[in-house]
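Asks: You'll find structure_6.csv just under this line, and it carries CSV, C-alpha atoms and all ligand atoms.
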```csv
chain,number,residue,atom,x,y,z
B,1,MET,CA,0.0,0.0,0.0
B,2,VAL,CA,2.7,2.4,1.1
B,3,ALA,CA,4.9,1.4,-1.8
B,4,ASP,CA,2.0,2.0,-4.2
B,5,PHE,CA,1.3,5.4,-2.8
B,6,LEU,CA,5.0,6.4,-3.0
B,7,LYS,CA,5.1,5.2,-6.6
B,8,ARG,CA,2.1,7.4,-7.4
B,9,VAL,CA,3.7,10.4,-5.7
B,10,ALA,CA,6.9,9.8,-7.7
B,11,ARG,CA,4.9,9.6,-10.9
B,12,HIS,CA,2.9,12.6,-10.1
B,13,ALA,CA,6.0,14.7,-9.2
B,14,ALA,CA,7.8,13.6,-12.3
B,15,ALA,CA,4.8,14.5,-14.4
B,16,LEU,CA,4.5,17.9,-12.8
B,17,LEU,CA,8.2,18.7,-13.3
B,18,THR,CA,8.5,17.5,-16.9
B,19,VAL,CA,5.2,17.7,-18.6
B,20,GLY,CA,5.6,21.1,-20.1
B,21,THR,CA,8.9,20.4,-21.7
B,22,ARG,CA,7.9,16.9,-22.8
B,23,LEU,CA,4.7,18.0,-24.5
B,24,ARG,CA,6.6,20.8,-26.2
B,25,ARG,CA,9.1,18.4,-27.5
B,26,VAL,CA,6.6,15.8,-28.6
B,27,ALA,CA,3.9,17.9,-30.1
B,28,GLY,CA,6.7,19.9,-31.6
B,29,LYS,CA,7.9,20.9,-35.1
B,30,ASP,CA,6.7,18.5,-37.8
B,31,TRP,CA,4.9,16.3,-35.3
B,32,ALA,CA,1.2,16.2,-34.3
B,33,LEU,CA,-0.6,14.0,-31.8
B,34,VAL,CA,-4.0,12.6,-32.8
B,35,LEU,CA,-5.9,11.2,-29.9
B,36,ARG,CA,-8.3,8.3,-30.3
B,37,TYR,CA,-11.4,8.1,-28.1
B,38,HIS,CA,-14.6,6.0,-28.4
B,39,ARG,CA,-17.0,6.9,-25.7
B,40,VAL,CA,-17.4,9.6,-23.0
B,41,THR,CA,-19.7,8.3,-20.2
B,42,ASP,CA,-19.8,7.5,-16.5
B,43,GLU,CA,-21.6,4.2,-17.2
B,44,PRO,CA,-19.5,1.0,-16.7
B,45,VAL,CA,-19.2,0.2,-20.3
B,46,PRO,CA,-16.1,-0.8,-22.4
B,47,LEU,CA,-14.1,1.8,-24.3
B,48,ALA,CA,-15.2,4.7,-22.2
B,49,VAL,CA,-13.5,7.8,-20.6
B,50,THR,CA,-15.5,9.4,-17.8
B,51,VAL,CA,-17.1,12.8,-18.4
B,52,ARG,CA,-14.9,14.4,-15.7
B,53,GLU,CA,-11.7,13.0,-17.0
B,54,PHE,CA,-12.5,13.9,-20.6
B,55,ALA,CA,-13.3,17.5,-19.5
B,56,ALA,CA,-9.9,17.7,-17.6
B,57,GLN,CA,-8.1,16.3,-20.7
B,58,VAL,CA,-9.7,18.8,-23.1
B,59,ARG,CA,-9.0,21.7,-20.7
B,60,PHE,CA,-5.4,20.6,-20.4
B,61,LEU,CA,-5.0,20.3,-24.2
B,62,ARG,CA,-6.7,23.6,-24.8
B,63,ALA,CA,-4.3,25.3,-22.4
B,64,ARG,CA,-1.1,23.6,-23.5
B,65,CYS,CA,-1.4,22.7,-27.2
B,66,ARG,CA,-2.7,23.9,-30.5
B,67,LEU,CA,-6.0,22.1,-31.0
B,68,VAL,CA,-6.4,21.2,-34.7
B,69,THR,CA,-8.6,18.6,-36.5
B,70,ALA,CA,-7.5,15.2,-37.8
B,71,GLY,CA,-8.6,16.5,-41.2
B,72,GLU,CA,-6.1,19.4,-41.0
B,73,VAL,CA,-3.3,17.1,-39.9
B,74,ALA,CA,-4.1,14.7,-42.8
B,75,ALA,CA,-4.3,17.5,-45.3
B,76,SER,CA,-0.9,18.9,-44.2
B,77,VAL,CA,0.7,15.5,-44.5
B,78,ALA,CA,-0.9,14.9,-47.9
B,79,ALA,CA,0.3,18.3,-49.2
B,80,GLY,CA,3.9,17.6,-47.8
B,81,GLU,CA,3.6,20.7,-45.6
B,82,PRO,CA,5.1,20.9,-42.1
B,83,LEU,CA,2.7,20.4,-39.2
B,84,LEU,CA,2.0,23.4,-37.0
B,85,PRO,CA,4.0,23.3,-33.7
B,86,ARG,CA,2.3,21.7,-30.7
B,87,SER,CA,-0.6,20.4,-32.8
B,88,VAL,CA,-3.0,17.9,-31.1
B,89,ALA,CA,-6.3,16.6,-32.6
B,90,ILE,CA,-9.1,14.7,-30.9
B,91,THR,CA,-10.9,11.9,-32.7
B,92,PHE,CA,-13.8,9.5,-31.8
B,93,ASP,CA,-14.4,6.1,-33.5
B,94,ASP,CA,-17.7,4.3,-34.1
B,95,GLY,CA,-20.4,6.9,-33.4
B,96,TYR,CA,-21.9,6.2,-29.9
B,97,GLU,CA,-24.7,8.3,-28.7
B,98,ASP,CA,-22.6,9.7,-25.8
B,99,ASN,CA,-20.4,11.4,-28.3
B,100,PHE,CA,-23.3,13.8,-28.8
B,101,THR,CA,-24.8,13.8,-25.3
B,102,GLU,CA,-21.6,13.9,-23.2
B,103,ALA,CA,-18.6,14.7,-25.4
B,104,LEU,CA,-20.0,17.5,-27.4
B,105,PRO,CA,-20.9,19.8,-24.5
B,106,VAL,CA,-17.4,19.4,-23.1
B,107,LEU,CA,-15.8,20.2,-26.5
B,108,GLN,CA,-18.1,23.2,-26.8
B,109,ARG,CA,-17.2,24.4,-23.3
B,110,TYR,CA,-13.5,24.6,-24.3
B,111,ALA,CA,-14.1,25.7,-27.9
B,112,ALA,CA,-12.5,22.5,-29.1
B,113,GLN,CA,-13.1,20.7,-32.3
B,114,ALA,CA,-13.0,16.9,-32.7
B,115,THR,CA,-13.4,14.4,-35.6
B,116,PHE,CA,-16.1,11.7,-35.4
B,117,PHE,CA,-15.6,8.6,-37.5
B,118,LEU,CA,-19.0,7.1,-38.1
B,119,THR,CA,-19.9,3.5,-38.7
B,120,ALA,CA,-22.5,4.9,-41.2
B,121,GLY,CA,-24.8,1.8,-41.5
B,122,TRP,CA,-25.1,1.7,-37.7
B,123,ILE,CA,-26.0,5.4,-37.1
B,124,GLY,CA,-29.7,5.9,-36.4
B,125,THR,CA,-30.4,2.2,-36.0
B,126,GLY,CA,-30.6,1.9,-32.2
B,127,LYS,CA,-28.9,-1.5,-32.6
B,128,MET,CA,-25.9,-2.8,-30.7
B,129,LEU,CA,-22.4,-3.6,-32.1
B,130,TRP,CA,-21.3,-7.2,-31.7
B,131,TRP,CA,-18.6,-6.5,-29.0
B,132,ASP,CA,-21.1,-4.7,-26.9
B,133,LYS,CA,-23.6,-7.5,-27.1
B,134,LEU,CA,-21.0,-9.9,-26.2
B,135,HIS,CA,-20.0,-7.8,-23.2
B,136,ASP,CA,-23.6,-7.6,-22.0
B,137,TYR,CA,-24.2,-11.4,-22.5
B,138,ILE,CA,-21.1,-12.1,-20.4
B,139,ARG,CA,-22.2,-9.7,-17.7
B,140,GLN,CA,-25.6,-11.5,-17.5
B,141,ALA,CA,-23.9,-14.9,-17.3
B,142,ALA,CA,-21.5,-13.7,-14.6
B,143,GLU,CA,-24.4,-12.2,-12.6
B,144,LEU,CA,-26.4,-15.5,-12.9
B,145,GLY,CA,-23.3,-17.6,-12.1
B,146,ALA,CA,-24.0,-19.5,-15.3
B,147,ARG,CA,-21.7,-22.0,-17.0
B,148,PRO,CA,-21.6,-22.1,-20.8
B,149,GLN,CA,-23.6,-25.1,-22.2
B,150,ASP,CA,-23.9,-26.6,-25.7
B,151,TYR,CA,-21.0,-24.8,-27.3
B,152,GLU,CA,-19.6,-27.8,-29.1
B,153,ARG,CA,-21.0,-26.7,-32.4
B,154,LEU,CA,-19.3,-23.3,-32.3
B,155,PRO,CA,-16.0,-23.0,-34.1
B,156,ARG,CA,-13.2,-24.6,-32.2
B,157,PRO,CA,-11.3,-21.6,-30.9
B,158,VAL,CA,-14.5,-20.1,-29.5
B,159,ALA,CA,-15.7,-23.5,-28.1
B,160,ALA,CA,-12.3,-23.9,-26.4
B,161,VAL,CA,-12.7,-20.5,-24.6
B,162,LEU,CA,-16.2,-21.3,-23.5
B,163,ALA,CA,-15.1,-24.7,-22.2
B,164,ARG,CA,-12.6,-23.1,-19.8
B,165,ALA,CA,-14.9,-20.2,-18.8
B,166,ASP,CA,-14.3,-18.8,-15.3
B,167,LEU,CA,-16.8,-16.1,-14.3
B,168,ARG,CA,-16.0,-16.0,-10.6
B,169,THR,CA,-14.2,-12.7,-10.3
B,170,ARG,CA,-14.0,-9.4,-12.2
B,171,ALA,CA,-10.5,-10.3,-13.4
B,172,THR,CA,-11.4,-13.7,-14.7
B,173,VAL,CA,-14.6,-12.3,-16.4
B,174,ALA,CA,-12.5,-9.7,-18.1
B,175,ARG,CA,-10.0,-12.3,-19.2
B,176,PHE,CA,-12.8,-14.5,-20.5
B,177,GLU,CA,-14.2,-11.7,-22.5
B,178,GLY,CA,-10.8,-10.8,-24.0
B,179,ASP,CA,-10.2,-14.4,-24.9
B,180,LEU,CA,-13.6,-14.7,-26.6
B,181,VAL,CA,-13.0,-11.5,-28.6
B,182,ALA,CA,-9.6,-12.7,-29.6
B,183,ALA,CA,-11.0,-16.1,-30.6
B,184,LEU,CA,-13.8,-14.5,-32.7
B,185,ARG,CA,-11.2,-12.2,-34.4
B,186,GLU,CA,-9.1,-15.2,-35.3
B,187,LEU,CA,-12.0,-16.6,-37.4
B,188,ASP,CA,-11.8,-13.7,-40.0
B,189,LEU,CA,-15.6,-13.3,-40.1
B,190,SER,CA,-17.8,-10.7,-41.8
B,191,PRO,CA,-19.8,-8.4,-39.4
B,192,GLU,CA,-22.9,-10.5,-40.1
B,193,GLU,CA,-21.2,-13.8,-39.3
B,194,LEU,CA,-19.8,-12.2,-36.1
B,195,ASP,CA,-23.3,-11.1,-35.1
B,196,ASP,CA,-24.5,-14.7,-35.7
B,197,ARG,CA,-21.7,-16.3,-33.6
B,198,VAL,CA,-22.3,-13.8,-30.8
B,199,GLU,CA,-26.0,-14.9,-30.7
B,200,HIS,CA,-24.9,-18.5,-30.5
B,201,ILE,CA,-22.6,-17.6,-27.6
B,202,ALA,CA,-25.5,-15.8,-25.9
B,203,ALA,CA,-27.6,-19.0,-26.1
B,204,SER,CA,-24.7,-21.0,-24.7
B,205,LEU,CA,-24.4,-18.5,-21.8
B,206,GLY,CA,-28.1,-18.6,-21.2
B,207,ALA,CA,-28.3,-14.8,-21.7
B,208,GLU,CA,-31.5,-12.9,-22.4
B,209,GLU,CA,-31.8,-9.9,-24.8
B,210,ALA,CA,-28.9,-7.4,-24.4
B,211,ARG,CA,-29.5,-4.1,-22.5
B,212,ASP,CA,-29.2,-1.8,-25.5
B,213,GLU,CA,-29.9,1.6,-23.8
B,214,LEU,CA,-26.2,1.9,-22.8
B,215,TYR,CA,-24.8,1.1,-26.3
B,216,ARG,CA,-26.8,3.1,-28.8
B,217,PRO,CA,-25.4,4.9,-31.8
B,218,MET,CA,-26.2,8.6,-32.5
B,219,SER,CA,-29.1,9.5,-34.7
B,220,TRP,CA,-28.5,11.3,-38.0
B,221,ASP,CA,-30.1,14.3,-36.5
B,222,GLN,CA,-27.5,14.3,-33.7
B,223,VAL,CA,-24.7,13.9,-36.3
B,224,ARG,CA,-26.1,16.9,-38.1
B,225,GLN,CA,-26.0,18.9,-34.9
B,226,LEU,CA,-22.4,17.8,-34.3
B,227,ARG,CA,-21.5,19.1,-37.7
B,228,ALA,CA,-23.5,22.3,-37.2
B,229,ALA,CA,-21.5,22.8,-34.0
B,230,GLY,CA,-18.3,22.8,-36.0
B,231,MET,CA,-17.2,19.2,-35.5
B,232,GLU,CA,-15.6,17.2,-38.3
B,233,ILE,CA,-17.2,14.0,-39.6
B,234,GLY,CA,-15.3,11.1,-41.1
B,235,SER,CA,-16.1,7.5,-42.2
B,236,HIS,CA,-15.5,4.3,-40.3
B,237,THR,CA,-17.1,2.1,-43.1
B,238,MET,CA,-20.8,1.0,-43.2
B,239,THR,CA,-20.7,-2.0,-40.9
B,240,HIS,CA,-17.3,-1.9,-39.2
B,241,ALA,CA,-16.1,-4.5,-41.7
B,242,ARG,CA,-12.5,-5.6,-41.4
B,243,LEU,CA,-11.3,-4.3,-44.7
B,244,PRO,CA,-8.4,-6.8,-45.3
B,245,ILE,CA,-10.7,-9.7,-44.4
B,246,VAL,CA,-13.9,-9.2,-46.4
B,247,PRO,CA,-14.0,-9.8,-50.2
B,248,VAL,CA,-12.6,-6.9,-52.3
B,249,GLU,CA,-16.1,-5.9,-53.7
B,250,ARG,CA,-17.5,-5.8,-50.1
B,251,ALA,CA,-14.6,-3.7,-48.9
B,252,PHE,CA,-15.0,-1.2,-51.7
B,253,GLU,CA,-18.7,-1.0,-51.1
B,254,GLU,CA,-18.2,-0.3,-47.4
B,255,LEU,CA,-15.9,2.5,-48.2
B,256,GLU,CA,-17.9,4.1,-51.1
B,257,GLN,CA,-21.3,3.6,-49.5
B,258,SER,CA,-20.3,5.1,-46.2
B,259,ARG,CA,-18.9,8.2,-47.9
B,260,LYS,CA,-22.1,8.6,-50.0
B,261,THR,CA,-24.4,8.0,-47.0
B,262,ILE,CA,-22.7,10.5,-44.7
B,263,GLY,CA,-22.4,13.0,-47.6
B,264,ARG,CA,-26.1,12.6,-48.3
B,265,GLU,CA,-27.1,12.9,-44.7
B,266,LEU,CA,-24.9,16.0,-44.0
B,267,GLY,CA,-25.2,17.6,-47.4
B,268,GLN,CA,-21.5,17.7,-47.8
B,269,PRO,CA,-18.8,15.1,-48.7
B,270,VAL,CA,-16.4,13.5,-46.3
B,271,SER,CA,-12.9,12.5,-47.3
B,272,LEU,CA,-11.4,11.1,-44.1
B,273,LEU,CA,-11.4,7.5,-42.9
B,274,ALA,CA,-10.5,5.6,-39.8
B,275,TYR,CA,-10.0,1.9,-40.5
B,276,PRO,CA,-12.2,-0.4,-38.3
B,277,ALA,CA,-10.0,-1.9,-35.6
B,278,GLY,CA,-7.2,-0.1,-37.4
B,279,GLU,CA,-6.9,-3.0,-39.9
B,280,HIS,CA,-5.5,-2.1,-43.3
B,281,SER,CA,-3.4,-3.7,-46.1
B,282,ARG,CA,-1.8,-2.5,-49.3
B,283,ASP,CA,-4.9,-3.6,-51.2
B,284,ALA,CA,-7.3,-2.0,-48.8
B,285,ILE,CA,-5.4,1.3,-49.1
B,286,ASP,CA,-5.8,1.1,-52.9
B,287,LEU,CA,-9.5,0.7,-52.4
B,288,VAL,CA,-9.6,3.7,-50.0
B,289,THR,CA,-8.0,6.0,-52.6
B,290,GLU,CA,-10.2,4.6,-55.3
B,291,ALA,CA,-13.3,5.4,-53.2
B,292,GLY,CA,-12.2,9.0,-53.0
B,293,TYR,CA,-10.7,9.4,-49.5
B,294,GLU,CA,-7.8,11.8,-49.0
B,295,GLY,CA,-6.5,10.4,-45.7
B,296,ALA,CA,-6.9,7.5,-43.3
B,297,TYR,CA,-6.1,6.9,-39.7
B,298,THR,CA,-5.0,3.6,-38.2
B,299,THR,CA,-4.8,2.4,-34.5
B,300,ALA,CA,-1.0,2.1,-34.6
B,301,SER,CA,0.3,4.2,-31.7
B,302,GLY,CA,2.5,7.2,-32.3
B,303,PRO,CA,2.6,10.8,-33.5
B,304,VAL,CA,1.9,11.9,-37.1
B,305,ARG,CA,5.0,13.3,-38.7
B,306,ALA,CA,5.5,15.3,-41.9
B,307,GLY,CA,6.4,12.8,-44.6
B,308,ASP,CA,4.1,10.0,-43.2
B,309,ASP,CA,1.9,8.0,-45.6
B,310,PRO,CA,-1.5,10.0,-45.4
B,311,PHE,CA,-3.3,6.6,-45.5
B,312,ARG,CA,-1.4,5.1,-42.5
B,313,LEU,CA,-1.7,8.0,-40.0
B,314,ARG,CA,-1.1,7.0,-36.4
B,315,ARG,CA,-3.0,7.9,-33.3
B,316,ILE,CA,-2.7,7.7,-29.5
B,317,GLY,CA,-5.4,5.7,-27.7
B,318,VAL,CA,-6.9,7.3,-24.6
B,319,TRP,CA,-8.6,5.2,-21.9
B,320,THR,CA,-10.0,5.9,-18.5
B,321,GLY,CA,-8.1,5.3,-15.3
B,322,GLY,CA,-4.6,5.4,-16.9
B,323,TYR,CA,-3.6,8.8,-15.7
B,324,ARG,CA,-4.0,8.9,-12.0
B,325,GLY,CA,-1.8,11.1,-9.7
B,326,ALA,CA,-0.7,10.8,-6.1
B,327,PHE,CA,-4.2,10.5,-4.6
B,328,GLY,CA,-5.6,8.1,-7.1
B,329,LEU,CA,-7.5,10.9,-9.0
B,330,PHE,CA,-7.1,11.8,-12.6
B,331,SER,CA,-4.1,14.1,-13.1
B,332,PRO,CA,-3.8,16.3,-16.2
B,333,SER,CA,-0.1,16.5,-15.8
B,334,VAL,CA,0.2,12.7,-15.7
B,335,PHE,CA,-2.0,12.5,-18.7
B,336,GLY,CA,0.2,15.0,-20.6
B,337,LEU,CA,3.3,13.1,-19.6
B,338,GLN,CA,1.9,9.7,-20.6
B,339,ILE,CA,0.7,10.7,-24.0
B,340,SER,CA,3.9,12.5,-24.8
B,341,ARG,CA,6.0,9.5,-23.6
B,342,LEU,CA,4.0,7.2,-25.8
B,343,ALA,CA,4.4,9.4,-28.8
B,344,ARG,CA,8.0,10.0,-28.2
B,345,GLN,CA,8.7,6.3,-27.7
B,346,ALA,CA,6.8,5.3,-30.9
B,347,ALA,CA,8.5,8.0,-32.9
B,348,GLN,CA,11.9,6.7,-31.7
B,349,GLY,CA,10.8,3.2,-32.7
B,350,GLN,CA,9.9,4.5,-36.1
B,351,ALA,CA,13.1,6.3,-36.5
B,352,LYS,CA,15.2,3.2,-35.7
B,353,GLY,CA,13.6,1.7,-38.7
B,354,ALA,CA,10.8,-0.7,-37.9
B,355,ARG,CA,12.8,-3.6,-36.7
B,356,ALA,CA,10.7,-6.7,-37.4
B,357,ARG,CA,9.3,-7.6,-34.0
B,358,SER,CA,6.6,-10.1,-33.3
B,359,PRO,CA,3.4,-8.9,-31.7
B,360,GLN,CA,4.4,-10.8,-28.6
B,361,LYS,CA,7.7,-8.9,-28.5
B,362,ARG,CA,6.0,-5.7,-29.1
B,363,GLY,CA,3.9,-6.3,-26.0
B,364,GLN,CA,7.0,-6.0,-23.9
B,365,VAL,CA,7.4,-2.3,-23.9
B,366,ARG,CA,10.6,-1.0,-22.3
B,367,PHE,CA,10.7,2.3,-20.6
B,368,GLY,CA,14.2,2.5,-19.3
B,369,ARG,CA,15.1,3.3,-15.7
B,370,SER,CA,12.6,5.8,-14.4
B,371,PRO,CA,10.3,6.1,-11.4
B,372,LEU,CA,7.4,5.7,-13.8
B,373,ARG,CA,8.5,2.3,-15.0
B,374,ALA,CA,6.9,0.2,-12.4
B,375,PHE,CA,3.6,2.0,-12.8
B,376,GLU,CA,3.7,1.7,-16.6
B,377,ALA,CA,4.6,-2.0,-16.5
B,378,LYS,CA,1.7,-2.7,-14.3
B,379,ARG,CA,-0.6,-1.1,-16.8
B,380,THR,CA,0.5,-3.5,-19.5
B,381,CYS,CA,-2.6,-5.6,-20.4
B,382,PRO,CA,-2.0,-9.1,-21.7
B,383,LEU,CA,-5.3,-9.0,-23.7
B,384,PHE,CA,-3.7,-6.7,-26.2
B,385,ARG,CA,-0.6,-8.7,-26.9
B,386,SER,CA,-2.0,-10.6,-29.9
B,387,GLN,CA,-3.9,-7.8,-31.4
B,388,GLY,CA,-1.1,-5.9,-33.1
B,389,GLU,CA,-2.1,-2.7,-31.3
B,390,GLY,CA,0.4,-0.1,-30.2
B,391,PRO,CA,1.8,0.4,-26.8
B,392,ALA,CA,-0.8,3.1,-25.9
B,393,MET,CA,-3.5,0.5,-25.8
B,394,ARG,CA,-1.5,-2.1,-23.8
B,395,LEU,CA,-0.4,0.5,-21.4
B,396,VAL,CA,-3.6,1.9,-20.1
B,397,ALA,CA,-6.4,-0.2,-21.5
B,398,ARG,CA,-9.0,-1.6,-19.1
B,399,TRP,CA,-11.1,-3.5,-21.5
B,400,ARG,CA,-10.5,-4.8,-25.0
B,401,PRO,CA,-8.7,-4.0,-28.2
B,402,SER,CA,-10.2,-1.1,-30.0
B,403,PRO,CA,-13.1,-1.7,-32.3
G,1,ZN,ZN,-14.3,1.2,-34.5
```
Please lay out the structure from this file as structure tokens.
Replies:
Amino acid sequence: MVADFLKRVARHAAALLTVGTRLRRVAGKDWALVLRYHRVTDEPVPLAVTVREFAAQVRFLRARCRLVTAGEVAASVAAGEPLLPRSVAITFDDGYEDNFTEALPVLQRYAAQATFFLTAGWIGTGKMLWWDKLHDYIRQAAELGARPQDYERLPRPVAAVLARADLRTRATVARFEGDLVAALRELDLSPEELDDRVEHIAASLGAEEARDELYRPMSWDQVRQLRAAGMEIGSHTMTHARLPIVPVERAFEELEQSRKTIGRELGQPVSLLAYPAGEHSRDAIDLVTEAGYEGAYTTASGPVRAGDDPFRLRRIGVWTGGYRGAFGLFSPSVFGLQISRLARQAAQGQAKGARARSPQKRGQVRFGRSPLRAFEAKRTCPLFRSQGEGPAMRLVARWRPSP
């Protein structure tokens, strides 16, 4: 206990002493940081940052950085122009309703712009995305103390996870959920097939209908209000399809249709994309350019630098609970220190020339000798090791790899 407290104090003190210089150095000349959020809500749901923490983060960024948009960053890179000093952009993936109800008021309070990448075919449907349904089914099973039944007909990797299900503690439930998500992703399924498998898993877990009120998308009217409030809108495909996995025709349709749908609903075209789950390939990028996009963001962790490929732009994932100071509360200076360290580290990795490292190796992030190291190592989440995500995600994530 005392050791933990002392560590937090050391981290907080180091952050207070260094954050200004580090942020200046990271979000510096020819570099920009693009932050990646999903949800802002106080509800206990995956992928969320609390309202209070988000407000503190935006206030911190507004005071310390030059807030720009992801579109401006992409346009500068595409034009071969230098990036403005201390540039930071805020982005949201998927299109959850709390982006409008919770995030927008905070952004407006601090006169900040953000970019919202929409899963266009999901907007306005009131439906749930597969990973949220899975999360809710597992919650129900854990509450009931249920054991999975009749899972033998499910694909082998999924059945294997269900066979060894342990829903006794919060930690084992989280591990079970992470393993199930990983097993489902291994199968290279389309969004429809994923929905189908998740319903089979629900039956196996004895779960009832999922509680959809916590997981709704925005309506198109809310999206129009976001746009009218000066926010930037981008595409995240129609159905959150994995572009390198689905057939080429489907991938192109996802890209083209989402552009057209958003353009029609907003009355103006969109030209920016965020790859679902960050997944892209050379062929997928060809389709993205053919569909008329001018830039695309991945989930690879790191800063955007002048000279980067405008269709492989990096971002820094932001999660709740990863930036606590000495008294266990959110600390803006620890937040600043963390994101700047992540960016600097990724940039150094890039500069060394992408040494071929396995995803497992990449999970073992090294921070050198510093009082922060123990804290950071503790935040490493094994769930992310096989997902090919960047260190930001492993470092602070509470839940699962980014959708
Ligand atoms: Zn997504």
Asks: Distance limit 9 Å, reference ligand ZN 1 (chain G), atoms considered: all atoms listed in the file. Which residues make the cut? Give them as a PyMOL selection string.
Replies: chain B and resi 38+92-95+117-119+236+240+274-278+402-403
Asks: Of the candidates B:Asp179, B:Asp132, B:Met231, B:Tyr215, which shows the shortest atom-to-atom distance to B:Asp195, using only C-alpha atoms?
Replies: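 Closest residue, counting only C-alpha atoms: B:Asp132.
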Asks: Would you mind listing what lies within 12 Å of B:Phe100 as a ChimeraX atom specification, with all atoms listed in the file counted and same-chain residues fewer than 5 positions away left out?
Replies: /B:38-41,92,95,105-108,114,116,216-229,231
Asks: In Å to one decimal, how far is atom CA of B:Leu33 from atom CA of B:Leu84?
Replies: 11.1 Å
Asks: Please, which residues in stretch 31-121 of chain B fall within 7 Å of stretch 308-311 of chain B when counting only C-alpha atoms, and what is the closest atom pair and distance in Å to one decimal for each, ordered by chain then residue number, as CSV?
Replies:
```
residue,atom,partner,partner_atom,distance
B:Ala74,CA,B:Pro310,CA,6.0
B:Val77,CA,B:Pro310,CA,6.0
B:Ala78,CA,B:Pro310,CA,5.5
```
Asks: To one decimal place in Å, what is the distance between atom CA of B:Thr298 and atom CA of B:Arg315?
Replies: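 Answer for the atom CA of B:Thr298 to atom CA of B:Arg315 separation: 6.8 Å.
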Asks: My list of candidates is B:Phe176, B:Trp130, B:Ala32, B:Glu53. Which is closest to B:Trp319 when distances are computed with all atoms listed in the file?
Replies: B:Glu53
Asks: Residues within 12 Å of B:Thr320, please, as number ranges by chain. Count all atoms listed in the file; anything in the same chain fewer than 2 positions from it doesn't count.
Replies: B: 37-54, 56-57, 317-318, 322-324, 329-331, 335, 379, 393, 395-399
Asks: Restricting the calculation to all atoms listed in the file, which member of B:Thr237, B:Thr169, B:Gln140, B:Gln149 is positioned closest to B:Glu209?
Replies: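 For B:Glu209, the nearest of the candidates is B:Gln140.
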Asks: Calculated over all atoms listed in the file, which of the candidates B:Ile201, B:Leu194, B:Ala207, B:Ile138 has the smallest distance to B:Arg175?
Replies: B:Ile138
Asks: Could you name the residues that touch stretch 158-167 of chain B at 8 Å or less, counting only C-alpha atoms, but leaving out those on the same chain fewer than 3 positions away, as a PDB file with C-alpha atoms, in the coordinates of the input?
Replies:
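And here is the file that came out, result-v6.pdb:
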```
ATOM      1  CA  ALA B 141     -23.900 -14.900 -17.300  1.00  0.00           C
ATOM      2  CA  ALA B 142     -21.500 -13.700 -14.600  1.00  0.00           C
ATOM      3  CA  GLY B 145     -23.300 -17.600 -12.100  1.00  0.00           C
ATOM      4  CA  ARG B 147     -21.700 -22.000 -17.000  1.00  0.00           C
ATOM      5  CA  PRO B 148     -21.600 -22.100 -20.800  1.00  0.00           C
ATOM      6  CA  TYR B 151     -21.000 -24.800 -27.300  1.00  0.00           C
ATOM      7  CA  GLU B 152     -19.600 -27.800 -29.100  1.00  0.00           C
ATOM      8  CA  ARG B 153     -21.000 -26.700 -32.400  1.00  0.00           C
ATOM      9  CA  LEU B 154     -19.300 -23.300 -32.300  1.00  0.00           C
ATOM     10  CA  PRO B 155     -16.000 -23.000 -34.100  1.00  0.00           C
ATOM     11  CA  ARG B 170     -14.000  -9.400 -12.200  1.00  0.00           C
ATOM     12  CA  THR B 172     -11.400 -13.700 -14.700  1.00  0.00           C
ATOM     13  CA  VAL B 173     -14.600 -12.300 -16.400  1.00  0.00           C
ATOM     14  CA  PHE B 176     -12.800 -14.500 -20.500  1.00  0.00           C
ATOM     15  CA  ASP B 179     -10.200 -14.400 -24.900  1.00  0.00           C
ATOM     16  CA  LEU B 180     -13.600 -14.700 -26.600  1.00  0.00           C
ATOM     17  CA  ALA B 183     -11.000 -16.100 -30.600  1.00  0.00           C
ATOM     18  CA  LEU B 184     -13.800 -14.500 -32.700  1.00  0.00           C
TER      19      LEU B 184
END
```
Asks: For B:Ala89, which residue among B:Arg242, B:Lys133, B:Arg211, B:Arg36 is the nearest when counting all atoms listed in the file?
Replies: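 Of the candidates, the smallest distance to B:Ala89 is held by B:Arg36.
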